[in-house]
Every structure is written in structure tokens, then in C-alpha cells.
$ cat protein18.txt   # compact mmCIF, C-alpha atoms
# COMPACT_ATOMS: atom_id res chain seq x y z
CA MET A 21 -10.91 -11.89 -42.48
CA ARG A 22 -11.92 -15.05 -40.69
CA LEU A 23 -8.65 -15.33 -38.76
CA SER A 24 -8.76 -11.81 -37.39
CA ALA A 25 -12.43 -12.19 -36.53
CA LEU A 26 -11.69 -15.36 -34.57
CA LEU A 27 -8.72 -13.81 -32.81
CA SER A 28 -10.46 -10.61 -31.84
CA ALA A 29 -13.42 -12.28 -30.18
CA ALA A 30 -13.13 -11.36 -26.50
CA ARG A 31 -16.24 -13.32 -25.64
CA PRO A 32 -16.17 -16.72 -27.35
CA ARG A 33 -19.05 -16.76 -29.78
CA LEU A 34 -20.90 -20.06 -29.63
CA PRO A 35 -21.24 -21.93 -32.94
CA PRO A 36 -24.75 -21.92 -34.46
CA GLY A 37 -25.57 -25.56 -33.68
CA TYR A 38 -24.36 -25.41 -30.06
CA ARG A 39 -26.30 -27.65 -27.73
CA HIS A 40 -26.71 -26.03 -24.32
CA GLY A 41 -26.60 -28.13 -21.22
CA MET A 42 -26.79 -27.34 -17.55
CA TRP A 43 -23.07 -26.62 -17.39
CA PRO A 44 -21.55 -23.14 -18.05
CA PRO A 45 -20.27 -22.77 -21.65
CA ASP A 46 -16.61 -22.32 -20.63
CA SER A 47 -16.30 -25.39 -18.41
CA MET A 48 -14.55 -28.72 -19.06
CA ALA A 49 -17.88 -30.50 -19.39
CA ALA A 50 -19.02 -28.08 -22.09
CA ARG A 51 -15.79 -28.48 -24.04
CA LEU A 52 -16.03 -32.26 -23.82
CA ARG A 53 -19.58 -32.46 -25.05
CA ASN A 54 -19.35 -29.66 -27.62
CA PRO A 55 -16.03 -30.09 -29.44
CA PRO A 56 -15.53 -27.64 -32.30
CA GLY A 57 -16.89 -29.04 -35.53
CA GLN A 58 -19.62 -31.09 -33.89
CA ARG A 59 -23.03 -30.98 -35.54
CA ARG A 60 -25.96 -32.37 -33.61
CA ARG A 61 -29.64 -32.57 -34.28
CA LYS A 62 -31.28 -29.29 -33.48
CA VAL A 63 -33.28 -29.03 -30.28
CA PHE A 64 -36.49 -27.09 -30.90
CA VAL A 65 -37.60 -24.73 -28.15
CA GLU A 66 -40.52 -22.38 -27.96
CA PRO A 67 -39.05 -18.99 -28.93
CA ILE A 68 -39.33 -16.58 -26.01
CA ALA A 69 -37.93 -13.07 -26.29
CA LYS A 70 -35.26 -12.09 -23.80
CA ASP A 71 -37.49 -9.27 -22.52
CA ASP A 72 -40.39 -11.64 -21.90
CA TRP A 73 -38.42 -13.98 -19.67
CA LYS A 74 -40.14 -14.21 -16.30
CA VAL A 75 -38.31 -16.78 -14.18
CA PHE A 76 -35.04 -15.89 -12.47
CA LYS A 77 -32.57 -17.57 -10.17
CA GLY A 78 -33.82 -17.37 -6.59
CA ASP A 79 -37.54 -17.34 -7.48
CA THR A 80 -39.99 -19.70 -5.85
CA VAL A 81 -41.86 -21.77 -8.43
CA GLN A 82 -44.36 -24.59 -8.35
CA VAL A 83 -43.86 -27.70 -10.45
CA LEU A 84 -46.97 -28.58 -12.46
CA ALA A 85 -45.99 -31.83 -14.12
CA GLY A 86 -43.67 -34.71 -13.53
CA LYS A 87 -42.73 -36.75 -10.51
CA ASP A 88 -42.87 -33.84 -8.03
CA ALA A 89 -45.99 -32.16 -9.40
CA GLY A 90 -47.59 -29.76 -6.95
CA LYS A 91 -44.41 -29.06 -4.97
CA GLN A 92 -42.75 -25.68 -4.66
CA GLY A 93 -39.05 -24.98 -4.74
CA LEU A 94 -36.31 -22.43 -5.31
CA VAL A 95 -34.83 -21.99 -8.75
CA THR A 96 -31.09 -22.66 -8.71
CA GLN A 97 -30.31 -22.46 -12.42
CA VAL A 98 -31.86 -21.02 -15.54
CA VAL A 99 -30.85 -21.94 -19.11
CA GLN A 100 -32.70 -19.56 -21.39
CA ALA A 101 -31.44 -21.16 -24.60
CA ARG A 102 -33.43 -24.30 -23.90
CA ASN A 103 -36.23 -22.80 -21.77
CA TRP A 104 -34.91 -24.77 -18.81
CA VAL A 105 -35.33 -24.15 -15.11
CA VAL A 106 -33.63 -26.26 -12.45
CA VAL A 107 -35.49 -26.36 -9.14
CA GLU A 108 -33.63 -27.36 -6.00
CA GLY A 109 -34.43 -30.84 -4.79
CA LEU A 110 -37.30 -31.48 -7.19
CA ASN A 111 -37.52 -33.68 -10.26
CA THR A 112 -34.49 -35.62 -9.10
CA HIS A 113 -32.92 -38.80 -10.29
CA TYR A 114 -30.08 -40.57 -8.54
CA ARG A 115 -26.58 -41.18 -9.78
CA TYR A 116 -23.07 -41.98 -8.61
CA VAL A 117 -20.39 -39.28 -8.62
CA ASN A 118 -16.62 -39.36 -8.12
CA ARG A 119 -16.24 -42.94 -9.24
CA THR A 120 -12.74 -44.35 -9.22
CA ALA A 121 -11.36 -47.79 -9.91
CA LYS A 122 -11.57 -48.67 -6.22
CA TYR A 123 -14.46 -46.53 -5.00
CA SER A 124 -17.94 -47.17 -6.35
CA GLY A 125 -18.88 -43.50 -5.96
CA THR A 126 -21.19 -41.32 -3.87
CA TYR A 127 -24.91 -41.85 -4.49
CA ILE A 128 -26.46 -38.42 -4.82
CA ALA A 129 -29.71 -36.96 -6.05
CA SER A 130 -29.30 -34.74 -9.09
CA GLU A 131 -32.05 -32.45 -10.37
CA ALA A 132 -33.25 -32.67 -13.93
CA PRO A 133 -34.24 -29.45 -15.68
CA LEU A 134 -37.87 -28.56 -16.16
CA LEU A 135 -39.32 -26.71 -19.11
CA LEU A 136 -41.05 -23.39 -18.63
CA SER A 137 -44.40 -24.97 -19.44
CA GLN A 138 -43.99 -27.35 -16.49
CA ILE A 139 -43.31 -24.48 -14.10
CA CYS A 140 -45.47 -21.77 -12.61
CA LEU A 141 -44.45 -18.72 -10.62
CA VAL A 142 -45.87 -18.43 -7.14
CA ASP A 143 -47.55 -15.43 -5.55
CA PRO A 144 -45.37 -14.29 -2.63
CA GLU A 145 -48.16 -13.77 -0.07
CA ASP A 146 -50.65 -16.45 -1.15
CA ARG A 147 -48.07 -19.08 -1.95
CA LYS A 148 -50.33 -20.22 -4.74
CA PRO A 149 -49.39 -20.56 -8.43
CA THR A 150 -50.32 -17.59 -10.65
CA GLU A 151 -49.89 -16.35 -14.17
CA VAL A 152 -47.45 -13.48 -14.32
CA GLU A 153 -47.08 -10.58 -16.73
CA TRP A 154 -44.54 -7.82 -17.19
CA ARG A 155 -46.06 -4.44 -16.55
CA TYR A 156 -44.93 -0.91 -15.77
CA THR A 157 -45.57 0.86 -12.47
CA GLU A 158 -46.53 4.50 -12.21
CA GLU A 159 -42.90 5.41 -11.66
CA GLY A 160 -42.04 3.68 -14.93
CA GLU A 161 -40.36 0.64 -13.42
CA ARG A 162 -40.85 -2.70 -15.19
CA VAL A 163 -42.17 -5.28 -12.73
CA ARG A 164 -43.74 -8.72 -12.76
CA VAL A 165 -47.39 -8.59 -11.76
CA SER A 166 -49.50 -11.58 -10.77
CA LEU A 167 -52.63 -11.64 -12.93
CA ARG A 168 -54.85 -13.21 -10.29
CA SER A 169 -54.19 -10.88 -7.36
CA GLY A 170 -52.33 -7.92 -8.88
CA ARG A 171 -49.40 -8.20 -6.47
CA ILE A 172 -45.90 -7.40 -7.61
CA LEU A 173 -43.40 -10.24 -7.68
CA PRO A 174 -40.01 -8.66 -6.99
CA VAL A 175 -37.14 -10.05 -9.06
CA PRO A 176 -34.71 -11.68 -6.61
CA PRO A 177 -31.20 -10.18 -6.49
CA GLN A 178 -29.18 -11.83 -9.23
CA PRO A 179 -25.65 -13.07 -8.53
CA ARG A 180 -22.77 -11.33 -10.27
CA GLN A 181 -21.44 -12.70 -13.55
CA ASP A 182 -17.99 -13.27 -12.04
CA GLY A 183 -19.43 -15.23 -9.12
CA ILE A 184 -18.20 -12.90 -6.40
CA VAL A 185 -20.43 -12.37 -3.37
CA PRO A 186 -19.53 -8.96 -1.90
CA GLU A 187 -20.92 -9.94 1.52
CA GLN A 188 -18.41 -12.77 1.78
CA TRP A 189 -15.52 -10.66 0.61
CA ILE A 190 -13.00 -10.08 3.37
CA GLY A 191 -11.41 -6.65 3.52
CA GLU A 192 -7.77 -6.47 4.51
CA TRP A 193 -6.62 -10.00 5.29
CA ASP A 194 -4.64 -9.91 8.48
CA GLY A 195 -3.36 -13.48 8.12
CA SER A 196 -5.73 -15.12 10.57
CA GLY A 197 -8.06 -17.94 9.67
CA GLY A 198 -7.73 -20.21 6.68
CA TRP A 199 -9.79 -22.87 5.06
CA GLU A 200 -12.32 -22.91 7.88
CA ASP A 201 -13.13 -19.24 7.31
CA VAL A 202 -14.67 -19.89 3.91
CA THR A 203 -18.40 -20.21 4.53
CA GLY A 204 -21.32 -20.76 2.27
CA ASP A 205 -21.26 -21.26 -1.46
CA THR A 206 -17.90 -20.26 -2.82
CA GLY A 207 -19.14 -20.54 -6.40
CA GLY A 208 -16.22 -22.68 -7.45
CA GLN A 209 -13.50 -20.73 -5.64
CA ARG A 210 -11.69 -22.92 -3.14
CA CYS A 211 -8.84 -20.86 -1.81
CA PRO A 212 -9.89 -18.45 0.97
CA LEU A 213 -7.24 -16.00 -0.18
CA THR A 214 -9.19 -15.25 -3.36
CA HIS A 215 -11.90 -13.71 -1.17
CA THR A 216 -9.73 -10.91 0.21
CA ASP A 217 -8.36 -7.63 -0.98
CA GLY A 218 -5.05 -7.82 -2.77
CA PRO A 219 -2.14 -5.37 -2.54
CA LYS A 220 -3.56 -3.32 -5.43
CA ASP A 221 -7.04 -3.02 -3.92
CA THR A 222 -8.22 0.14 -2.22
CA SER A 223 -9.91 -0.73 1.05
CA GLU A 224 -13.60 0.02 1.46
CA GLU A 225 -13.09 2.93 3.87
CA ASP A 226 -10.49 4.61 1.70
CA ALA A 227 -12.61 4.22 -1.42
CA LEU A 228 -15.68 5.76 0.20
CA ALA A 229 -13.86 8.51 2.10
CA LYS A 230 -14.69 11.93 0.70
CA THR A 231 -11.45 13.84 0.37
CA TYR A 232 -12.44 16.26 -2.38
CA ARG A 233 -12.08 19.89 -1.47
CA PRO A 234 -13.56 22.17 -4.11
CA SER A 235 -11.36 24.97 -5.27
CA LEU A 236 -11.29 27.46 -8.11
CA LYS A 237 -7.89 26.25 -9.30
CA THR A 238 -7.63 23.53 -11.93
CA PHE A 239 -6.08 20.19 -11.00
CA GLU A 240 -2.88 21.07 -12.86
CA GLU A 241 -2.54 24.43 -11.09
CA GLU A 242 -2.97 22.77 -7.69
CA ILE A 243 -0.23 20.26 -8.43
CA MET A 244 2.06 23.05 -9.60
CA ASP A 245 1.48 24.90 -6.34
CA ALA A 246 1.99 21.76 -4.29
CA MET A 247 5.27 20.91 -5.99
CA GLY A 248 6.50 24.50 -6.18
CA ILE A 249 6.80 24.57 -9.97
CA VAL A 250 6.95 28.08 -11.39
CA GLU A 251 6.22 28.49 -15.13
CA THR A 252 6.55 31.98 -16.51
CA ARG A 253 6.69 31.01 -20.22
CA ARG A 254 3.42 31.18 -22.06
CA ALA A 255 2.40 29.36 -25.23
CA LYS A 256 2.35 31.37 -28.41
CA LYS A 257 -1.10 32.22 -29.66
CA SER A 258 -2.30 29.85 -32.37
CA TYR A 259 -5.50 29.63 -34.35
CA TRP A 260 -7.47 26.82 -35.84
CA TYR A 261 -10.64 26.73 -37.80
CA MET B 9 -16.40 -32.61 -42.58
CA GLY B 10 -16.11 -29.88 -45.17
CA LEU B 11 -15.07 -26.30 -45.59
CA LEU B 12 -17.12 -25.12 -42.62
CA THR B 13 -15.41 -27.41 -40.15
CA GLN B 14 -11.99 -26.50 -41.49
CA LEU B 15 -12.77 -22.84 -40.94
CA VAL B 16 -13.96 -23.57 -37.46
CA ARG B 17 -10.71 -25.33 -36.73
CA GLY B 18 -8.83 -22.17 -37.64
CA LEU B 19 -7.43 -23.16 -41.03
CA VAL B 20 -7.82 -20.14 -43.25
CA ARG B 21 -7.86 -20.30 -47.01
CA GLY B 22 -5.75 -17.54 -48.44
CA ALA B 23 -4.09 -14.46 -46.99
CA ASP B 24 -5.72 -12.14 -44.52
CA ARG B 25 -6.90 -9.24 -46.64
CA VAL B 26 -8.91 -7.31 -44.09
CA SER B 27 -6.70 -6.83 -41.02
CA PRO B 28 -4.47 -3.72 -41.17
CA PHE B 29 -1.04 -4.04 -42.79
CA THR B 30 1.09 -2.88 -39.86
CA SER B 31 4.84 -2.68 -39.45
CA LYS B 32 4.80 -6.19 -37.98
CA ARG B 33 3.90 -7.69 -41.34
CA GLY B 34 5.61 -7.66 -44.71
CA PRO B 35 9.28 -8.15 -45.69
CA ARG B 36 12.26 -6.67 -43.81
CA SER B 37 12.41 -3.75 -46.23
CA HIS B 38 8.90 -2.73 -45.18
CA ASN B 39 9.59 0.08 -42.73
CA LYS B 40 6.50 1.73 -41.32
CA GLY B 41 5.92 3.76 -38.19
CA ARG B 42 3.08 3.40 -35.73
CA GLY B 43 1.95 7.01 -35.55
CA ALA B 44 4.43 8.51 -33.09
CA LYS B 45 4.63 12.28 -33.24
CA LYS B 46 7.87 13.96 -34.29
CA LEU B 47 9.42 15.62 -31.24
CA GLY B 48 11.54 18.13 -33.08
CA VAL B 49 12.57 19.55 -36.39
CA LEU B 50 14.55 18.07 -39.29
CA THR B 51 17.23 20.55 -40.43
CA ARG B 52 18.45 21.03 -43.98
CA ASN B 53 21.49 18.82 -43.21
CA LYS B 54 19.12 16.00 -42.42
CA LYS B 55 20.03 16.24 -38.75
CA PHE B 56 17.16 15.97 -36.32
CA LEU B 57 16.97 18.68 -33.65
CA LEU B 58 15.08 17.61 -30.58
CA VAL B 59 12.88 20.34 -29.08
CA LYS B 60 12.80 19.69 -25.35
CA GLU B 61 9.44 21.37 -24.91
CA MET B 62 7.78 18.82 -27.17
CA VAL B 63 9.02 15.86 -25.15
CA PRO B 64 6.23 14.93 -22.73
CA GLU B 65 7.26 14.92 -19.10
CA PHE B 66 5.13 13.39 -16.38
CA VAL B 67 4.87 15.59 -13.32
CA VAL B 68 3.96 13.24 -10.52
CA PRO B 69 3.65 14.46 -6.95
CA ASP B 70 5.07 12.43 -4.09
CA LEU B 71 2.66 9.55 -3.43
CA THR B 72 3.95 8.39 -0.04
CA GLY B 73 1.04 7.79 2.27
CA PHE B 74 -1.43 7.88 -0.59
CA LYS B 75 -4.26 5.56 0.26
CA LEU B 76 -5.99 5.11 -3.10
CA ARG B 77 -4.85 2.18 -5.26
CA PRO B 78 -5.61 1.06 -8.82
CA TYR B 79 -8.46 -1.31 -7.92
CA VAL B 80 -11.30 -1.09 -5.46
CA SER B 81 -12.39 -3.77 -3.00
CA TYR B 82 -15.56 -5.67 -3.90
CA ARG B 83 -17.06 -4.76 -0.52
CA ALA B 84 -17.33 -1.08 -1.37
CA ALA B 85 -20.90 -0.22 -2.31
CA GLU B 86 -21.60 0.91 -5.85
CA GLY B 87 -22.71 4.42 -6.47
CA SER B 88 -21.33 7.83 -7.22
CA GLU B 89 -21.78 11.42 -6.25
CA PRO B 90 -23.52 13.84 -8.59
CA PRO B 91 -20.98 15.61 -10.83
CA MET B 92 -19.76 19.00 -9.69
CA THR B 93 -21.42 21.83 -11.56
CA ALA B 94 -20.29 25.43 -11.96
CA ARG B 95 -23.23 26.58 -9.88
CA GLN B 96 -22.32 24.26 -7.04
CA LEU B 97 -18.72 25.46 -7.11
CA PHE B 98 -19.89 29.06 -7.01
CA ASP B 99 -22.32 28.38 -4.15
CA GLU B 100 -19.64 26.70 -2.06
CA LEU B 101 -16.66 28.96 -2.64
CA VAL B 102 -17.59 32.37 -3.94
CA ALA B 103 -21.10 33.06 -2.64
CA PRO B 104 -20.18 33.11 1.10
CA ARG B 105 -17.40 35.65 0.48
CA ILE B 106 -19.67 37.90 -1.57
CA GLU B 107 -22.37 37.69 1.10
CA LYS B 108 -19.89 38.62 3.81
CA ASP B 109 -18.67 41.59 1.83
CA VAL B 110 -22.19 42.75 1.09
CA LYS B 111 -23.02 42.59 4.80
CA ASP B 112 -19.88 44.52 5.68
CA GLY B 113 -20.67 46.98 2.95
CA THR B 114 -17.35 46.53 1.13
CA PHE B 115 -18.77 44.87 -1.99
CA ASP B 116 -17.49 46.55 -5.14
CA PRO B 117 -19.09 45.31 -8.39
CA ASN B 118 -16.12 46.62 -10.39
CA ASN B 119 -13.55 44.57 -8.45
CA LEU B 120 -14.80 41.02 -8.87
CA GLU B 121 -11.29 39.62 -9.46
CA LYS B 122 -10.77 39.09 -5.74
CA TYR B 123 -13.54 36.47 -5.74
CA GLY B 124 -11.89 34.59 -8.60
CA PHE B 125 -13.52 36.23 -11.61
CA GLU B 126 -11.32 36.17 -14.74
CA PRO B 127 -12.41 38.62 -17.43
CA THR B 128 -10.20 36.99 -20.10
CA GLN B 129 -8.26 33.76 -20.42
CA GLU B 130 -5.32 35.54 -22.11
CA GLY B 131 -2.08 35.35 -20.21
CA LYS B 132 -3.07 32.26 -18.24
CA LEU B 133 -0.99 29.08 -18.47
CA PHE B 134 -4.02 26.75 -18.30
CA GLN B 135 -6.82 28.43 -20.21
CA LEU B 136 -10.28 27.09 -19.61
CA PHE B 137 -11.74 28.11 -22.95
CA PRO B 138 -10.41 27.23 -25.44
CA LYS B 139 -8.95 24.44 -23.34
CA ASN B 140 -5.21 24.33 -23.95
CA TYR B 141 -4.23 21.51 -21.62
CA VAL B 142 -4.71 17.80 -21.96
CA ARG B 143 -6.81 16.07 -19.34
$ encode --input "protein18.txt" --output "C-alpha cells"
Amino acid sequence: MRLSALLSAARPRLPPGYRHGMWPPDSMAARLRNPPGQRRRKVFVEPIAKDDWKVFKGDTVQVLAGKDAGKQGLVTQVVQARNWVVVEGLNTHYRYVNRTAKYSGTYIASEAPLLLSQICLVDPEDRKPTEVEWRYTEEGERVRVSLRSGRILPVPPQPRQDGIVPEQWIGEWDGSGGWEDVTGDTGGQRCPLTHTDGPKDTSEEDALAKTYRPSLKTFEEEIMDAMGIVETRRAKKSYWY
Amino acid sequence: MGLLTQLVRGLVRGADRVSPFTSKRGPRSHNKGRGAKKLGVLTRNKKFLLVKEMVPEFVVPDLTGFKLRPYVSYRAAEGSEPPMTARQLFDELVAPRIEKDVKDGTFDPNNLEKYGFEPTQEGKLFQLFPKNYVR
């Protein structure tokens, strides 16, 4: 029972004592710090239901506590399991990356995560911090509403789970360009060729072209006419109950 | 490190009692099929007679110059058209012809077959109800 359950898991189920970090769960860093069989002291977080979660990637928030209190920034990462929010450029500490035996490493600023209690969402027009609540519009849509002014805070467009940005996707690759064509955040993909259509991809124009012509014949009858198949035999009548 | 960690490492205690006992398991004398249909009839001499009509045959039209491929580019916008209904089909194909005939004065309510009306599904190769083809 346990073997088949382990084998049939398409999505790797995280063990109960898993300690979440800022890294994605299927990265090298996660596997290093969370080897199977590790048991660590439990980190207690304020339980917040998934439906009540208000802060998303791409939101503007104001930091209320810490070194950069009072500053506003964009959210770059959200870790719901630990109520963490990483704001770009704020609450930073400095460290060295890419150290080798000969090279002392690059000195960069790395952001530390902030808890939800140290963060406040910002009204889009006022640019002042507000309390936010989930409410329903008259059309029935669930939106975030600022309690102070009543304005709606639209949820910013979330990136896809597979990290693909359709705007940066090149259609048919004609062989021109190369590494210099890859612009913006590749989300971990380095090779420019992964951003193009492959040989098994339908191009955008062909996929959206409307070629359906309605007819009273069924699909099978149309194919028979197109291929010139003549079938005079008929199936014997059968009954079922 | 106890039983829990050993389980997590993939060491299982005892045989797997829950997964199905397929033809891939068991001794060599265990001969089991995987649910394939019999494509013919077994005669009294234990000889198997294949019935050609039961053998499925794929009828594939010529796909040269066919532009659609298995996958779709990520650039194509998401969305779909509303599904085709019987009313829509009627409005697009049959209604104009009936209107033309009514204007010309040649509409005959007893001869609706020329617009595609089928009083019964008997005698048709692909019957719509009860559906006798696989789609």
C-alpha cells in the first residue's frame, strides 16, 4: 500500500514536518535543506485560510516594521506556508554569492522575508496603507476592497505555474537572433530556443483560424465522402435493456 | 530514526497487498490477459476464426498540408467558441432554404426530406439516436 502510494504521486507530497524556505520545493536548495527523514522543530505561523489570503505577487505593499519601515515596494515572492512576503529591495541584508576558492564572491543585497503582520496593502490611488477585506461586487465577483476608502484593489496578473511568459514567447523561429534576443526575466530558462514554437506546435494564426463549416452530415460521413468510401452493408438490429 | 523514517526512505515492510495483481506479477505460470476484446469466434475444434469486421481499422484522410499540430503555441490567446447547438445548426443551414422556398411559394410541408429532415434513423449507417458509432 505504501509503495504504490509513493509511486503514484504525480505531485510530490511534502512530508508533514517540512520547513518551507524562500526557494521552490523542487529545487536543489530545497533538497539540500530538507533531506527525507529530517525532523526539525515546528515553526508556528498564524493560521490563515487559503481563501482569506490578501497579498499576491506584484502587489504594492508598505512595510510597517523593521529596518525599512514606512517604505513601499513590490512583492516579488509569497510563501503562504510561513505567512511570508518578500518585497523587492526592502529589508535587505548583504552577502557574498558565487564564492570560489580564488574569487571572494559578489557582494549583493538579498531581501529577507517579512511576515504578514509587518506588511500592509496600499490603496492604489491614495498610495497610503489601508486595511483590506474580501468582498463581493454586484456582479458576484470576489474582490479586495480597501476599508478606508472603499476602492477596489485589483489582484495583479499572476505568473503561470510553469514560468512561461506568453508575451515573450516567439512564434515560428526563423533562425535569426540568439542569446541576445532573450530579454527580461527568463524565469530560470537560459536557452533562447526554449522560448519558441517547436515542430509539434500549431502556430498562433493556425490555432485561431476558424475553419469550421457547419453541415448536416456527421464527421464520419464527411470523411467517407471525402475519401470516396462506399458502405452498403448495414449493422444487424440489436437490442439492449 | 525509526519505522517512520524507514517508510519515508521507501523500504516497505511486507508485500504490496493493495495494488492490482496484474499479469506483470506472479510466477511464470500466472497467465492473465489485460482486457483485450476477442476479435472472432472460437470453433468447436478449438481453432480461432478471425472476423475481419471486428478488427478495428483506422480510416485516416490524407493529412498533407494540414496545418493543425498536436500542441498549440503559448502565444495563442485562451478562450473558446460557444458549443454548436441544434438550433444554431438549423438557423445557419436549413432556415435560409425554407425561407427561400416559402417566398417562392414552393414550400411543401409533406416533403421536408429535401431540407435534411430524417423521419427515422433506420437504414442509416451512422444513426444519431441510439448512437451506433464511437466518437
$ residues_near_point --input "protein18.txt" --point "(-56.6, -8.1, -10.6)" --cutoff "12 Å" --atoms "all atoms listed in the file" --output "PyMOL selection string"
chain A and resi 150-153+165-172
$ write_last_selection --input "protein18.txt" --atoms "C-alpha atoms" --output "PDB file, in the coordinates of the input"
ATOM      1  CA  THR A 150     -50.320 -17.590 -10.650  1.00  0.00           C
ATOM      2  CA  GLU A 151     -49.890 -16.350 -14.170  1.00  0.00           C
ATOM      3  CA  VAL A 152     -47.450 -13.480 -14.320  1.00  0.00           C
ATOM      4  CA  GLU A 153     -47.080 -10.580 -16.730  1.00  0.00           C
ATOM      5  CA  VAL A 165     -47.390  -8.590 -11.760  1.00  0.00           C
ATOM      6  CA  SER A 166     -49.500 -11.580 -10.770  1.00  0.00           C
ATOM      7  CA  LEU A 167     -52.630 -11.640 -12.930  1.00  0.00           C
ATOM      8  CA  ARG A 168     -54.850 -13.210 -10.290  1.00  0.00           C
ATOM      9  CA  SER A 169     -54.190 -10.880  -7.360  1.00  0.00           C
ATOM     10  CA  GLY A 170     -52.330  -7.920  -8.880  1.00  0.00           C
ATOM     11  CA  ARG A 171     -49.400  -8.200  -6.470  1.00  0.00           C
ATOM     12  CA  ILE A 172     -45.900  -7.400  -7.610  1.00  0.00           C
TER      13      ILE A 172
END
$ closest_residue --input "protein18.txt" --among "B:Val63, B:Glu86, B:Gly124, B:Leu136" --to "Ala44 in chain B" --atoms "all atoms listed in the file"
B:Val63
$ atom_distance --input "protein18.txt" --atom1 "CA of Ala69 in chain A" --atom2 "CA of Asp146 in chain A"
28.4 Å
$ atom_distance --input "protein18.txt" --atom1 "CA of Asn103 in chain A" --atom2 "CA of Val175 in chain A"
18.0 Å
$ atom_distance --input "protein18.txt" --atom1 "CA of Leu228 in chain A" --atom2 "CA of Leu101 in chain B"
23.4 Å
$ closest_residue --input "protein18.txt" --among "B:Leu133, B:Leu120, B:Leu57, B:Ala103" --to "chain A" --atoms "only C-alpha atoms"
B:Leu133
$ interface_residues --input "protein18.txt" --of "chain A" --to "chain B" --cutoff "6 Å" --atoms "only C-alpha atoms" --output "PyMOL selection string"
chain A and resi 21+57+186+217+220-224
